[in-house]
file model-v6.pdb (PDB, C-alpha atoms)
ATOM      1  CA  MET A 862     105.709 120.232  57.527
ATOM      2  CA  SER A 863     108.760 118.040  57.795
ATOM      3  CA  LYS A 864     108.587 114.714  59.560
ATOM      4  CA  ALA A 865     110.119 114.251  62.989
ATOM      5  CA  LYS A 866     113.598 112.766  62.890
ATOM      6  CA  GLY A 867     114.451 109.774  64.975
ATOM      7  CA  GLN A 868     117.193 107.264  65.428
ATOM      8  CA  ILE A 869     117.369 103.849  67.040
ATOM      9  CA  ALA A 870     120.232 102.051  68.756
ATOM     10  CA  ILE A 871     120.097  98.253  68.918
ATOM     11  CA  ASN A 872     122.043  96.492  71.657
ATOM     12  CA  PRO A 873     123.757  93.559  69.854
ATOM     13  CA  ALA A 874     124.098  91.594  73.099
ATOM     14  CA  ARG A 875     120.340  91.614  73.752
ATOM     15  CA  CYS A 876     118.920  91.302  70.209
ATOM     16  CA  LYS A 877     117.983  87.750  69.199
ATOM     17  CA  GLY A 878     116.884  88.532  65.644
ATOM     18  CA  CYS A 879     113.227  87.601  66.131
ATOM     19  CA  GLY A 880     112.117  90.084  63.451
ATOM     20  CA  LEU A 881     109.202  91.675  65.306
ATOM     21  CA  CYS A 882     110.685  95.179  64.956
ATOM     22  CA  ILE A 883     111.097  94.684  61.196
ATOM     23  CA  TRP A 884     107.445  93.652  60.961
ATOM     24  CA  VAL A 885     106.101  96.544  63.032
ATOM     25  CA  CYS A 886     108.168  99.470  61.710
ATOM     26  CA  PRO A 887     105.754 101.772  59.803
ATOM     27  CA  GLN A 888     108.629 103.287  57.811
ATOM     28  CA  LYS A 889     110.272  99.911  57.023
ATOM     29  CA  SER A 890     113.512 101.343  58.377
ATOM     30  CA  ILE A 891     114.782  98.173  60.068
ATOM     31  CA  LYS A 892     116.437  95.175  58.429
ATOM     32  CA  THR A 893     118.676  92.311  59.499
ATOM     33  CA  VAL A 894     122.431  92.470  59.111
ATOM     34  CA  ASP A 895     124.002  90.337  56.383
ATOM     35  CA  GLU A 896     126.390  88.380  58.599
ATOM     36  CA  ALA A 897     125.402  86.210  61.555
ATOM     37  CA  ASP A 898     127.174  86.943  64.826
ATOM     38  CA  ARG A 899     129.010  84.337  66.924
ATOM     39  CA  ARG A 900     125.681  83.113  68.344
ATOM     40  CA  GLY A 901     124.520  82.393  64.788
ATOM     41  CA  ILE A 902     121.976  85.209  64.924
ATOM     42  CA  ARG A 903     121.422  87.854  62.270
ATOM     43  CA  ILE A 904     120.491  90.760  64.478
ATOM     44  CA  ALA A 905     118.367  93.728  63.459
ATOM     45  CA  CYS A 906     119.864  97.044  62.411
ATOM     46  CA  CYS A 907     118.607 100.395  61.173
ATOM     47  CA  ALA A 908     118.930 100.721  57.397
ATOM     48  CA  GLU A 909     121.194 103.519  56.094
ATOM     49  CA  ASN A 910     119.394 106.816  55.494
ATOM     50  CA  ALA A 911     116.261 105.237  56.939
ATOM     51  CA  PRO A 912     113.291 107.577  57.333
ATOM     52  CA  CYS A 913     112.986 106.882  61.086
ATOM     53  CA  THR A 914     110.484 109.132  62.850
ATOM     54  CA  GLY A 915     111.253 107.942  66.377
ATOM     55  CA  CYS A 916     107.730 106.578  66.900
ATOM     56  CA  GLY A 917     108.957 103.884  69.291
ATOM     57  CA  PHE A 918     106.917 101.006  67.826
ATOM     58  CA  CYS A 919     110.064  98.859  67.570
ATOM     59  CA  TYR A 920     110.877  99.511  71.228
ATOM     60  CA  MET A 921     107.287  98.582  72.178
ATOM     61  CA  VAL A 922     107.285  95.165  70.485
ATOM     62  CA  CYS A 923     110.925  94.222  71.135
ATOM     63  CA  PRO A 924     110.745  91.221  73.496
ATOM     64  CA  ASP A 925     114.363  91.701  74.552
ATOM     65  CA  THR A 926     114.400  95.435  75.291
ATOM     66  CA  ALA A 927     117.292  95.674  72.854
ATOM     67  CA  ILE A 928     116.189  98.952  71.254
ATOM     68  CA  ALA A 929     116.622 102.513  72.483
ATOM     69  CA  VAL A 930     114.886 105.275  70.534
ATOM     70  CA  TYR A 931     116.223 108.809  70.174
ATOM     71  CA  LYS A 932     114.263 111.712  68.793
ATOM     72  CA  GLU A 933     115.269 115.154  67.632
ATOM     73  CA  SER A 934     113.795 117.741  69.946
ATOM     74  CA  THR A 935     111.071 119.648  68.094
ATOM     75  CA  THR A 936     110.669 122.414  70.651
ATOM     76  CA  GLU A 937     113.241 125.101  71.334
ATOM     77  CA  GLU A 938     115.225 124.727  74.548
ATOM     78  CA  PRO A 939     114.230 127.471  76.988
ATOM     79  CA  ALA A 940     116.948 130.108  77.299
ATOM     80  CA  ASP A 941     118.472 130.577  80.751
TER      81      ASP A 941
ATOM     82  CA  MET B1165     118.976 113.828  70.091
ATOM     83  CA  LYS B1166     116.983 113.009  73.181
ATOM     84  CA  ARG B1167     116.385 109.431  74.354
ATOM     85  CA  VAL B1168     112.622 108.852  74.321
ATOM     86  CA  TYR B1169     112.466 105.088  74.817
ATOM     87  CA  GLY B1170     114.996 102.757  76.409
ATOM     88  CA  LYS B1171     115.538 100.016  78.937
ATOM     89  CA  PRO B1172     113.742 100.889  82.199
ATOM     90  CA  ASP B1173     115.795 101.367  85.374
ATOM     91  CA  ALA B1174     113.976  98.574  87.236
ATOM     92  CA  MET B1175     115.437  96.091  84.758
ATOM     93  CA  THR B1176     118.974  94.766  85.056
ATOM     94  CA  ASP B1177     121.504  94.578  82.226
ATOM     95  CA  VAL B1178     121.317  90.770  82.106
ATOM     96  CA  PRO B1179     119.995  89.710  78.667
ATOM     97  CA  PHE B1180     116.790  87.664  78.744
ATOM     98  CA  PRO B1181     117.298  83.884  78.697
ATOM     99  CA  TYR B1182     114.152  83.304  76.625
ATOM    100  CA  CYS B1183     113.783  82.112  73.022
ATOM    101  CA  PRO B1184     113.673  84.738  70.215
ATOM    102  CA  GLY B1185     110.255  86.387  70.080
ATOM    103  CA  CYS B1186     109.131  85.118  73.501
ATOM    104  CA  SER B1187     106.467  87.340  75.041
ATOM    105  CA  HIS B1188     107.925  87.059  78.544
ATOM    106  CA  GLY B1189     110.444  89.776  77.705
ATOM    107  CA  THR B1190     107.788  92.275  76.643
ATOM    108  CA  ILE B1191     105.778  91.631  79.812
ATOM    109  CA  HIS B1192     108.912  91.926  81.984
ATOM    110  CA  ARG B1193     109.581  95.300  80.393
ATOM    111  CA  LEU B1194     106.035  96.522  81.027
ATOM    112  CA  ILE B1195     106.289  95.525  84.705
ATOM    113  CA  ALA B1196     109.674  97.244  85.027
ATOM    114  CA  GLU B1197     108.278 100.416  83.433
ATOM    115  CA  VAL B1198     105.329 100.420  85.847
ATOM    116  CA  ILE B1199     107.676  99.894  88.815
ATOM    117  CA  ASP B1200     109.711 102.899  87.602
ATOM    118  CA  GLU B1201     106.647 105.102  87.044
ATOM    119  CA  LEU B1202     105.142 104.308  90.443
ATOM    120  CA  GLU B1203     108.595 104.674  92.095
ATOM    121  CA  ILE B1204     108.235 101.460  94.077
ATOM    122  CA  ALA B1205     111.528  99.729  93.177
ATOM    123  CA  ASP B1206     112.783 100.002  96.772
ATOM    124  CA  ARG B1207     109.687  98.369  98.289
ATOM    125  CA  ALA B1208     108.585  95.987  95.540
ATOM    126  CA  ILE B1209     109.023  92.248  96.036
ATOM    127  CA  GLY B1210     108.463  89.957  93.089
ATOM    128  CA  ILE B1211     107.641  86.276  93.285
ATOM    129  CA  THR B1212     108.844  84.068  90.470
ATOM    130  CA  SER B1213     106.942  81.034  89.323
ATOM    131  CA  ALA B1214     108.051  77.684  88.037
ATOM    132  CA  GLY B1215     108.316  77.629  84.265
ATOM    133  CA  CYS B1216     110.428  79.589  81.796
ATOM    134  CA  SER B1217     109.981  82.744  83.891
ATOM    135  CA  VAL B1218     111.639  81.083  86.898
ATOM    136  CA  ARG B1219     114.814  82.889  85.856
ATOM    137  CA  ASN B1220     113.285  86.351  86.019
ATOM    138  CA  TRP B1221     114.861  87.103  89.416
ATOM    139  CA  ARG B1222     117.928  88.141  87.423
ATOM    140  CA  GLN B1223     115.931  90.565  85.282
ATOM    141  CA  PHE B1224     114.205  92.775  87.858
ATOM    142  CA  ASP B1225     116.242  95.202  89.942
ATOM    143  CA  CYS B1226     114.120  94.629  93.056
ATOM    144  CA  ASP B1227     113.819  91.916  95.707
ATOM    145  CA  MET B1228     112.626  88.592  94.343
ATOM    146  CA  VAL B1229     111.452  85.383  96.025
ATOM    147  CA  MET B1230     111.205  81.975  94.405
ATOM    148  CA  ALA B1231     107.955  80.178  95.240
ATOM    149  CA  LEU B1232     107.146  76.509  94.760
ATOM    150  CA  HIS B1233     105.210  75.599  91.622
ATOM    151  CA  GLY B1234     101.856  77.409  91.765
ATOM    152  CA  ARG B1235     102.347  78.682  95.305
ATOM    153  CA  GLY B1236     103.073  82.302  94.376
ATOM    154  CA  PRO B1237      99.815  83.742  95.816
ATOM    155  CA  ALA B1238     100.378  81.902  99.125
ATOM    156  CA  VAL B1239     103.920  83.289  99.469
ATOM    157  CA  ALA B1240     102.655  86.722  98.401
ATOM    158  CA  THR B1241      99.931  86.613 101.065
ATOM    159  CA  GLY B1242     102.481  85.874 103.777
ATOM    160  CA  LEU B1243     104.874  88.599 102.633
ATOM    161  CA  LYS B1244     102.133  91.213 102.313
ATOM    162  CA  ARG B1245     100.615  90.463 105.709
ATOM    163  CA  ALA B1246     104.021  90.486 107.437
ATOM    164  CA  GLN B1247     105.130  93.689 105.708
ATOM    165  CA  PRO B1248     102.060  95.686 104.603
ATOM    166  CA  GLU B1249     104.199  98.598 103.365
ATOM    167  CA  THR B1250     105.747  96.491 100.597
ATOM    168  CA  VAL B1251     104.337  96.069  97.096
ATOM    169  CA  ILE B1252     104.078  92.392  96.227
ATOM    170  CA  PHE B1253     103.673  91.018  92.732
ATOM    171  CA  THR B1254     103.668  87.457  91.507
ATOM    172  CA  TYR B1255     104.620  86.543  87.970
ATOM    173  CA  GLN B1256     102.911  83.321  86.956
ATOM    174  CA  GLY B1257     102.344  81.402  83.788
ATOM    175  CA  ASP B1258      99.279  79.398  82.864
ATOM    176  CA  GLY B1259     100.902  76.110  83.833
ATOM    177  CA  ASP B1260     101.785  77.598  87.202
ATOM    178  CA  MET B1261      98.563  79.451  88.030
ATOM    179  CA  ALA B1262      95.824  77.636  86.089
ATOM    180  CA  ALA B1263      97.113  74.096  86.642
ATOM    181  CA  ILE B1264      98.999  73.294  89.835
ATOM    182  CA  GLY B1265      98.293  76.596  91.582
ATOM    183  CA  THR B1266      94.539  76.862  91.017
ATOM    184  CA  GLY B1267      93.765  76.374  94.706
ATOM    185  CA  GLU B1268      96.111  79.136  95.856
ATOM    186  CA  ILE B1269      94.945  81.736  93.373
ATOM    187  CA  VAL B1270      91.206  81.116  93.913
ATOM    188  CA  HIS B1271      91.526  81.556  97.674
ATOM    189  CA  ALA B1272      93.858  84.552  97.394
ATOM    190  CA  ALA B1273      91.298  86.171  95.067
ATOM    191  CA  SER B1274      88.357  85.322  97.321
ATOM    192  CA  ARG B1275      90.185  86.826 100.316
ATOM    193  CA  CYS B1276      90.822  89.919  98.170
ATOM    194  CA  GLU B1277      94.467  89.854  99.233
ATOM    195  CA  ARG B1278      96.242  93.115  98.514
ATOM    196  CA  ILE B1279      98.623  91.548  96.010
ATOM    197  CA  THR B1280      99.226  91.947  92.282
ATOM    198  CA  VAL B1281      99.266  88.925  90.010
ATOM    199  CA  ILE B1282     100.665  89.062  86.491
ATOM    200  CA  TYR B1283      99.319  85.988  84.747
ATOM    201  CA  VAL B1284     100.915  85.062  81.430
ATOM    202  CA  ASN B1285      98.643  82.902  79.303
ATOM    203  CA  ASN B1286     100.438  81.348  76.338
ATOM    204  CA  GLY B1287      98.491  78.113  76.214
ATOM    205  CA  VAL B1288     101.340  75.621  76.694
ATOM    206  CA  PHE B1289     103.817  74.416  79.299
ATOM    207  CA  GLY B1290     106.765  76.171  77.682
ATOM    208  CA  ALA B1291     109.649  75.216  79.972
ATOM    209  CA  THR B1292     109.043  71.461  79.854
ATOM    210  CA  GLY B1293     108.656  71.220  76.093
ATOM    211  CA  GLY B1294     105.216  72.427  75.033
ATOM    212  CA  GLN B1295     102.826  69.999  76.711
ATOM    213  CA  GLN B1296      99.112  70.738  76.917
ATOM    214  CA  ALA B1297      98.120  73.236  79.601
ATOM    215  CA  PRO B1298      94.615  73.884  81.001
ATOM    216  CA  THR B1299      94.509  76.959  78.759
ATOM    217  CA  THR B1300      95.434  75.211  75.482
ATOM    218  CA  LEU B1301      92.799  75.989  72.856
ATOM    219  CA  ILE B1302      90.514  73.323  71.414
ATOM    220  CA  GLY B1303      92.334  71.630  68.558
ATOM    221  CA  GLN B1304      95.666  73.325  69.356
ATOM    222  CA  PHE B1305      98.788  71.221  68.863
ATOM    223  CA  SER B1306     100.851  70.337  71.915
ATOM    224  CA  THR B1307     103.595  67.739  72.357
ATOM    225  CA  SER B1308     101.472  65.670  74.725
ATOM    226  CA  TYR B1309      98.444  65.794  72.384
ATOM    227  CA  PRO B1310      99.906  66.026  68.867
ATOM    228  CA  THR B1311      96.452  65.676  67.286
ATOM    229  CA  GLY B1312      95.183  68.738  69.130
ATOM    230  CA  ARG B1313      93.153  69.256  72.287
ATOM    231  CA  ASP B1314      90.008  67.147  72.422
ATOM    232  CA  PRO B1315      87.408  68.489  74.883
ATOM    233  CA  ARG B1316      86.000  64.950  75.309
ATOM    234  CA  THR B1317      89.189  63.846  77.088
ATOM    235  CA  SER B1318      90.853  67.123  78.146
ATOM    236  CA  GLY B1319      87.934  69.436  78.866
ATOM    237  CA  TYR B1320      87.657  73.051  77.831
ATOM    238  CA  PRO B1321      90.258  75.832  78.241
ATOM    239  CA  LEU B1322      90.044  77.604  81.602
ATOM    240  CA  LYS B1323      89.061  81.270  81.547
ATOM    241  CA  MET B1324      90.820  82.347  84.718
ATOM    242  CA  ALA B1325      90.028  86.081  84.581
ATOM    243  CA  GLU B1326      86.260  85.542  84.391
ATOM    244  CA  MET B1327      86.416  82.813  87.028
ATOM    245  CA  LEU B1328      88.387  84.852  89.548
ATOM    246  CA  ALA B1329      86.263  87.974  89.000
ATOM    247  CA  ARG B1330      83.268  85.945  90.214
ATOM    248  CA  VAL B1331      84.872  85.078  93.552
ATOM    249  CA  SER B1332      86.680  88.353  94.237
ATOM    250  CA  PRO B1333      84.335  91.255  95.084
ATOM    251  CA  GLU B1334      87.156  93.767  95.686
ATOM    252  CA  SER B1335      89.386  93.412  92.694
ATOM    253  CA  TYR B1336      90.760  94.747  89.464
ATOM    254  CA  ILE B1337      90.906  91.884  86.974
ATOM    255  CA  ALA B1338      91.629  92.468  83.310
ATOM    256  CA  ARG B1339      92.651  90.447  80.293
ATOM    257  CA  VAL B1340      95.008  92.119  77.856
ATOM    258  CA  SER B1341      97.124  91.079  74.916
ATOM    259  CA  ILE B1342     100.495  92.079  73.495
ATOM    260  CA  HIS B1343      99.999  91.189  69.838
ATOM    261  CA  ASN B1344     100.400  94.768  68.582
ATOM    262  CA  VAL B1345     101.535  98.183  69.780
ATOM    263  CA  LYS B1346      98.053  99.414  70.679
ATOM    264  CA  ASN B1347      97.413  96.384  72.859
ATOM    265  CA  ILE B1348     100.875  96.589  74.445
ATOM    266  CA  ILE B1349     100.004 100.125  75.610
ATOM    267  CA  LYS B1350      96.664  98.850  76.948
ATOM    268  CA  ALA B1351      98.465  95.973  78.679
ATOM    269  CA  LYS B1352     100.749  98.432  80.444
ATOM    270  CA  LYS B1353      97.737 100.412  81.675
ATOM    271  CA  ALA B1354      96.156  97.222  83.037
ATOM    272  CA  ILE B1355      99.388  96.187  84.792
ATOM    273  CA  ARG B1356      99.668  99.680  86.271
ATOM    274  CA  GLN B1357      96.058  99.480  87.494
ATOM    275  CA  ALA B1358      96.686  96.034  89.011
ATOM    276  CA  PHE B1359      99.564  97.570  91.003
ATOM    277  CA  LEU B1360      97.530 100.651  91.960
ATOM    278  CA  VAL B1361      94.640  98.700  93.529
ATOM    279  CA  GLN B1362      97.169  97.073  95.827
ATOM    280  CA  ILE B1363      99.057 100.272  96.656
ATOM    281  CA  GLU B1364      95.800 102.157  97.365
ATOM    282  CA  ASP B1365      94.463  99.206  99.430
ATOM    283  CA  ARG B1366      91.426  98.834  97.182
ATOM    284  CA  GLY B1367      91.663  95.128  96.456
ATOM    285  CA  PHE B1368      93.238  92.272  94.586
ATOM    286  CA  GLY B1369      94.844  93.062  91.249
ATOM    287  CA  LEU B1370      95.285  90.629  88.372
ATOM    288  CA  ALA B1371      96.345  91.243  84.795
ATOM    289  CA  GLU B1372      96.029  88.265  82.464
ATOM    290  CA  VAL B1373      98.291  88.790  79.467
ATOM    291  CA  LEU B1374      97.723  86.722  76.314
ATOM    292  CA  ALA B1375     101.216  85.823  75.186
ATOM    293  CA  ALA B1376     102.976  83.786  72.531
ATOM    294  CA  CYS B1377     105.404  80.880  72.774
ATOM    295  CA  PRO B1378     106.974  80.761  69.289
ATOM    296  CA  THR B1379     109.099  77.689  70.028
ATOM    297  CA  ASN B1380     106.258  75.488  71.236
ATOM    298  CA  TRP B1381     103.626  76.890  68.901
ATOM    299  CA  ARG B1382     106.074  75.981  66.077
ATOM    300  CA  LEU B1383     105.543  79.411  64.504
ATOM    301  CA  GLU B1384     107.669  82.442  63.677
ATOM    302  CA  PRO B1385     107.290  85.315  66.163
ATOM    303  CA  VAL B1386     105.377  87.472  63.661
ATOM    304  CA  ARG B1387     102.931  84.645  62.864
ATOM    305  CA  CYS B1388     102.468  84.099  66.611
ATOM    306  CA  MET B1389     101.233  87.680  66.955
ATOM    307  CA  GLN B1390      98.773  87.071  64.094
ATOM    308  CA  LYS B1391      97.632  83.815  65.728
ATOM    309  CA  ILE B1392      96.878  85.619  69.008
ATOM    310  CA  LYS B1393      94.603  87.968  67.080
ATOM    311  CA  SER B1394      92.920  85.327  64.919
ATOM    312  CA  ASP B1395      92.676  82.312  67.260
ATOM    313  CA  VAL B1396      93.340  83.233  70.895
ATOM    314  CA  ILE B1397      91.392  86.475  71.409
ATOM    315  CA  PRO B1398      88.116  85.025  70.000
ATOM    316  CA  TYR B1399      88.176  82.452  72.824
ATOM    317  CA  TYR B1400      89.715  84.697  75.509
ATOM    318  CA  PRO B1401      87.973  88.079  75.057
ATOM    319  CA  LEU B1402      89.914  91.138  76.186
ATOM    320  CA  GLY B1403      88.572  93.558  78.772
ATOM    321  CA  GLU B1404      88.009  94.164  82.459
ATOM    322  CA  PHE B1405      86.141  91.619  84.520
ATOM    323  CA  SER B1406      86.153  93.214  87.969
ATOM    324  CA  SER B1407      82.902  92.630  89.780
ATOM    325  CA  GLN B1408      83.177  96.113  91.235
ATOM    326  CA  SER B1409      84.464  99.007  89.223
ATOM    327  CA  LEU B1410      87.783  99.816  90.821
ATOM    328  CA  LYS B1411      89.177 101.973  88.088
ATOM    329  CA  ALA B1412      91.069 105.091  88.962
ATOM    330  CA  GLN B1413      88.578 107.485  90.476
TER     331      GLN B1413
END

call {"tool": "encode", "arguments": {"input": "model-v6.pdb", "output": "C-alpha cells"}}
result
Amino acid sequence: MSKAKGQIAINPARCKGCGLCIWVCPQKSIKTVDEADRRGIRIACCAENAPCTGCGFCYMVCPDTAIAVYKESTTEEPAD
Amino acid sequence: MKRVYGKPDAMTDVPFPYCPGCSHGTIHRLIAEVIDELEIADRAIGITSAGCSVRNWRQFDCDMVMALHGRGPAVATGLKRAQPETVIFTYQGDGDMAAIGTGEIVHAASRCERITVIYVNNGVFGATGGQQAPTTLIGQFSTSYPTGRDPRTSGYPLKMAEMLARVSPESYIARVSIHNVKNIIKAKKAIRQAFLVQIEDRGFGLAEVLAACPTNWRLEPVRCMQKIKSDVIPYYPLGEFSSQSLKAQ
C-alpha cells in the first residue's frame, strides 16, 4: 500500500522560523531556508522531494498559522 | 490536491505580533477553529486582556472588547446579561486572571455566569518583561526573582482550575496543554466544550491552557514544549475539574 501524498504551503509573511514544525514532522520533510529574509528570519520550507503524507502535525503546532496542508484525494470523486 | 488544514475563517490575515514560538498563536487558532465549527462568528464577542494578548482584537474576525486589567469576567457578565443571545469569551493570561483579576473570576465562577474563559497559563508576566506571576513554579527563574521563586517569600503557585471548580457548581473547567499534537487536539476539545456549556446554558466554561513563553523562559521553542511536559504538568495536572459532570450528554 502506498503512502498518502501530501504537500504543505508556508506563508512567508506569517512564519517566524521558530522551528516547531521541523521538530514535529514525523517524516522530517521540513527544513529552514538557507537565506534569511528582510526580517532576519530563516523561515521554514518543505524539502525537495520530501515524503510528506499530509498528516497536518506541522499545521497543529505552528504558533503562527503559517502552514496550509494539502492532501491527494484517496477516494474516487463520485461521477455525476 | 485538496486543502485539509489551513487558516480558519474566524481569523484575520493580520500576522501575529507575538515572539517566535509563542503559544498565544496556537491558542488563538484553536479558538478561531471552534468559532468556525460552532458557526458563532456573527454573535461571538471576545474580551481581550492586558498582557501580550491585548493585541488579539486584530486577530479574531468577530467583535472584540478591551477590558481593564483583570476585569474581563466583569465585562463579560455585563455583555452576556444585556445580550443573552451572544456568545461571550474572555481571553486572559495568568497575570491578568490569577493576579489582578482574581476577585472578578472567582465571583463570576461562583455565580456560574454563562461565559467562556480561556485562561493561558505560561507562568510569567510576558508583556512587561518576564516578572514573577502567581503561577510561576517553585524555583523558576523570573526577572524579578532571578534566583527562582522562593515559597517562603512568594508563596506557592496558584492552581486556578481546581480553585474555581470548588466554587462553581455549574461549570465545565478543564486544564489542557499544547506541548504536543495529541494535547493540542485535546485542548481544542476542551475549548469547544467550554463554549458549548455557555451556548447550551449549562454553566460557566473555563479552559486553562498550559502555554510557553520562549522569550521570558530563555529557552528555544522546542525546549519550551519539553519543559511543559517535564516541569509544568507535574505541578499543574491535566484533566477536568468540574464539580458536576457537564460533558456532552

call {"tool": "closest_residue", "arguments": {"input": "model-v6.pdb", "among": "A:Ile871, A:Val894, A:Val922, A:Cys886", "to": "chain B", "atoms": "only C-alpha atoms"}}
result
A:Val922

call {"tool": "resolve_selection", "arguments": {"input": "model-v6.pdb", "expression": "the ChimeraX specification (/B :<6) & /A", "output": "PyMOL selection string"}}
result
chain A and resi 875+877+879+881+924-926+929-933

call {"tool": "closest_residue", "arguments": {"input": "model-v6.pdb", "among": "A:Cys923, A:Gly867, A:Glu896, A:Lys889", "to": "Ala908 (chain A)", "atoms": "all atoms listed in the file"}}
result
A:Lys889

call {"tool": "residues_around", "arguments": {"input": "model-v6.pdb", "residues": "Gly1287 (chain B)", "least_positions_apart": "2", "cutoff": "7 Å", "atoms": "only C-alpha atoms", "output": "MDAnalysis selection string"}}
result
chainID B and resid 1258 1285 1297 1299:1301

call {"tool": "closest_atom_pairs", "arguments": {"input": "model-v6.pdb", "of": "region 1207-1313 of chain B", "to": "region 1352-1374 of chain B", "cutoff": "12 Å", "atoms": "only C-alpha atoms", "output": "Markdown table"}}
result
| residue | atom | partner | partner_atom | distance |
| --- | --- | --- | --- | --- |
| B:Arg1207 | CA | B:Ile1363 | CA | 10.9 |
| B:Ala1208 | CA | B:Phe1359 | CA | 10.2 |
| B:Ile1209 | CA | B:Phe1359 | CA | 12.0 |
| B:Gly1210 | CA | B:Phe1359 | CA | 11.9 |
| B:Pro1237 | CA | B:Phe1368 | CA | 10.8 |
| B:Ala1240 | CA | B:Phe1368 | CA | 11.6 |
| B:Thr1241 | CA | B:Phe1368 | CA | 10.9 |
| B:Lys1244 | CA | B:Gln1362 | CA | 10.1 |
| B:Pro1248 | CA | B:Ile1363 | CA | 9.7 |
| B:Glu1249 | CA | B:Ile1363 | CA | 8.6 |
| B:Thr1250 | CA | B:Ile1363 | CA | 8.6 |
| B:Val1251 | CA | B:Ile1363 | CA | 6.8 |
| B:Ile1252 | CA | B:Gln1362 | CA | 8.4 |
| B:Phe1253 | CA | B:Phe1359 | CA | 7.9 |
| B:Thr1254 | CA | B:Leu1370 | CA | 9.5 |
| B:Tyr1255 | CA | B:Ala1371 | CA | 10.0 |
| B:Gln1256 | CA | B:Glu1372 | CA | 9.6 |
| B:Gly1257 | CA | B:Glu1372 | CA | 9.4 |
| B:Asp1258 | CA | B:Glu1372 | CA | 9.5 |
| B:Met1261 | CA | B:Glu1372 | CA | 10.7 |
| B:Ala1262 | CA | B:Glu1372 | CA | 11.2 |
| B:Ile1269 | CA | B:Leu1370 | CA | 10.2 |
| B:Val1270 | CA | B:Phe1368 | CA | 11.4 |
| B:His1271 | CA | B:Phe1368 | CA | 11.3 |
| B:Ala1272 | CA | B:Phe1368 | CA | 8.2 |
| B:Ala1273 | CA | B:Phe1368 | CA | 6.4 |
| B:Ser1274 | CA | B:Phe1368 | CA | 8.9 |
| B:Arg1275 | CA | B:Phe1368 | CA | 8.5 |
| B:Cys1276 | CA | B:Phe1368 | CA | 4.9 |
| B:Glu1277 | CA | B:Phe1368 | CA | 5.4 |
| B:Arg1278 | CA | B:Gln1362 | CA | 4.9 |
| B:Ile1279 | CA | B:Phe1368 | CA | 5.6 |
| B:Thr1280 | CA | B:Gly1369 | CA | 4.6 |
| B:Val1281 | CA | B:Leu1370 | CA | 4.6 |
| B:Ile1282 | CA | B:Ala1371 | CA | 5.1 |
| B:Tyr1283 | CA | B:Glu1372 | CA | 4.6 |
| B:Val1284 | CA | B:Val1373 | CA | 5.0 |
| B:Asn1285 | CA | B:Leu1374 | CA | 4.9 |
| B:Asn1286 | CA | B:Leu1374 | CA | 6.0 |
| B:Gly1287 | CA | B:Leu1374 | CA | 8.6 |
| B:Val1288 | CA | B:Leu1374 | CA | 11.7 |
| B:Thr1299 | CA | B:Leu1374 | CA | 10.6 |
| B:Thr1300 | CA | B:Leu1374 | CA | 11.8 |

call {"tool": "closest_residue", "arguments": {"input": "model-v6.pdb", "among": "A:Met921, A:Gln888, A:Ala874, A:Cys882", "to": "Cys906 (chain A)", "atoms": "all atoms listed in the file"}}
result
A:Cys882

call {"tool": "closest_residue", "arguments": {"input": "model-v6.pdb", "among": "B:Tyr1320, B:Ile1211, B:Ile1195, B:Gln1223", "to": "Thr1176 (chain B)", "atoms": "only C-alpha atoms"}}
result
B:Gln1223

call {"tool": "atom_distance", "arguments": {"input": "model-v6.pdb", "atom1": "CA of Glu1404 (chain B)", "atom2": "CA of Val1340 (chain B)"}}
result
8.6 Å

call {"tool": "resolve_selection", "arguments": {"input": "model-v6.pdb", "expression": "the PyMOL selection byres ((chain A and resi 905) around 8)", "output": "CSV table (one decimal) with C-alpha atoms, in the coordinates of the input"}}
result
chain,number,residue,atom,x,y,z
A,871,ILE,CA,120.1,98.3,68.9
A,876,CYS,CA,118.9,91.3,70.2
A,878,GLY,CA,116.9,88.5,65.6
A,880,GLY,CA,112.1,90.1,63.5
A,882,CYS,CA,110.7,95.2,65.0
A,883,ILE,CA,111.1,94.7,61.2
A,891,ILE,CA,114.8,98.2,60.1
A,892,LYS,CA,116.4,95.2,58.4
A,893,THR,CA,118.7,92.3,59.5
A,894,VAL,CA,122.4,92.5,59.1
A,903,ARG,CA,121.4,87.9,62.3
A,904,ILE,CA,120.5,90.8,64.5
A,906,CYS,CA,119.9,97.0,62.4
A,907,CYS,CA,118.6,100.4,61.2

call {"tool": "atom_distance", "arguments": {"input": "model-v6.pdb", "atom1": "CA of Glu909 (chain A)", "atom2": "CA of Ile869 (chain A)"}}
result
11.6 Å

call {"tool": "axis_aligned_box", "arguments": {"input": "model-v6.pdb", "around": "region 910-925 of chain A", "padding_each_side": "4 Å", "output": "lines of an AutoDock Vina configuration file"}}
result
center_x = 113.2
center_y = 100.2
center_z = 65.0
size_x = 20.5
size_y = 25.9
size_z = 27.1

call {"tool": "resolve_selection", "arguments": {"input": "model-v6.pdb", "expression": "the PyMOL selection byres ((chain B and resi 1225) around 9)", "output": "PDB file with C-alpha atoms, in the coordinates of the input"}}
result
ATOM      1  CA  ASP B1173     115.795 101.367  85.374  1.00  0.00           C
ATOM      2  CA  ALA B1174     113.976  98.574  87.236  1.00  0.00           C
ATOM      3  CA  MET B1175     115.437  96.091  84.758  1.00  0.00           C
ATOM      4  CA  THR B1176     118.974  94.766  85.056  1.00  0.00           C
ATOM      5  CA  ALA B1196     109.674  97.244  85.027  1.00  0.00           C
ATOM      6  CA  ALA B1205     111.528  99.729  93.177  1.00  0.00           C
ATOM      7  CA  TRP B1221     114.861  87.103  89.416  1.00  0.00           C
ATOM      8  CA  ARG B1222     117.928  88.141  87.423  1.00  0.00           C
ATOM      9  CA  GLN B1223     115.931  90.565  85.282  1.00  0.00           C
ATOM     10  CA  PHE B1224     114.205  92.775  87.858  1.00  0.00           C
ATOM     11  CA  CYS B1226     114.120  94.629  93.056  1.00  0.00           C
ATOM     12  CA  ASP B1227     113.819  91.916  95.707  1.00  0.00           C
ATOM     13  CA  MET B1228     112.626  88.592  94.343  1.00  0.00           C
TER      14      MET B1228
END

call {"tool": "atom_distance", "arguments": {"input": "model-v6.pdb", "atom1": "CA of Asn1380 (chain B)", "atom2": "CA of Gly1215 (chain B)"}}
result
13.4 Å

call {"tool": "residues_around", "arguments": {"input": "model-v6.pdb", "residues": "Phe1305 (chain B)", "least_positions_apart": "3", "cutoff": "10 Å", "atoms": "only C-alpha atoms", "output": "number ranges by chain"}}
result
B: 1288, 1294-1296, 1300-1302, 1308-1313, 1380-1382
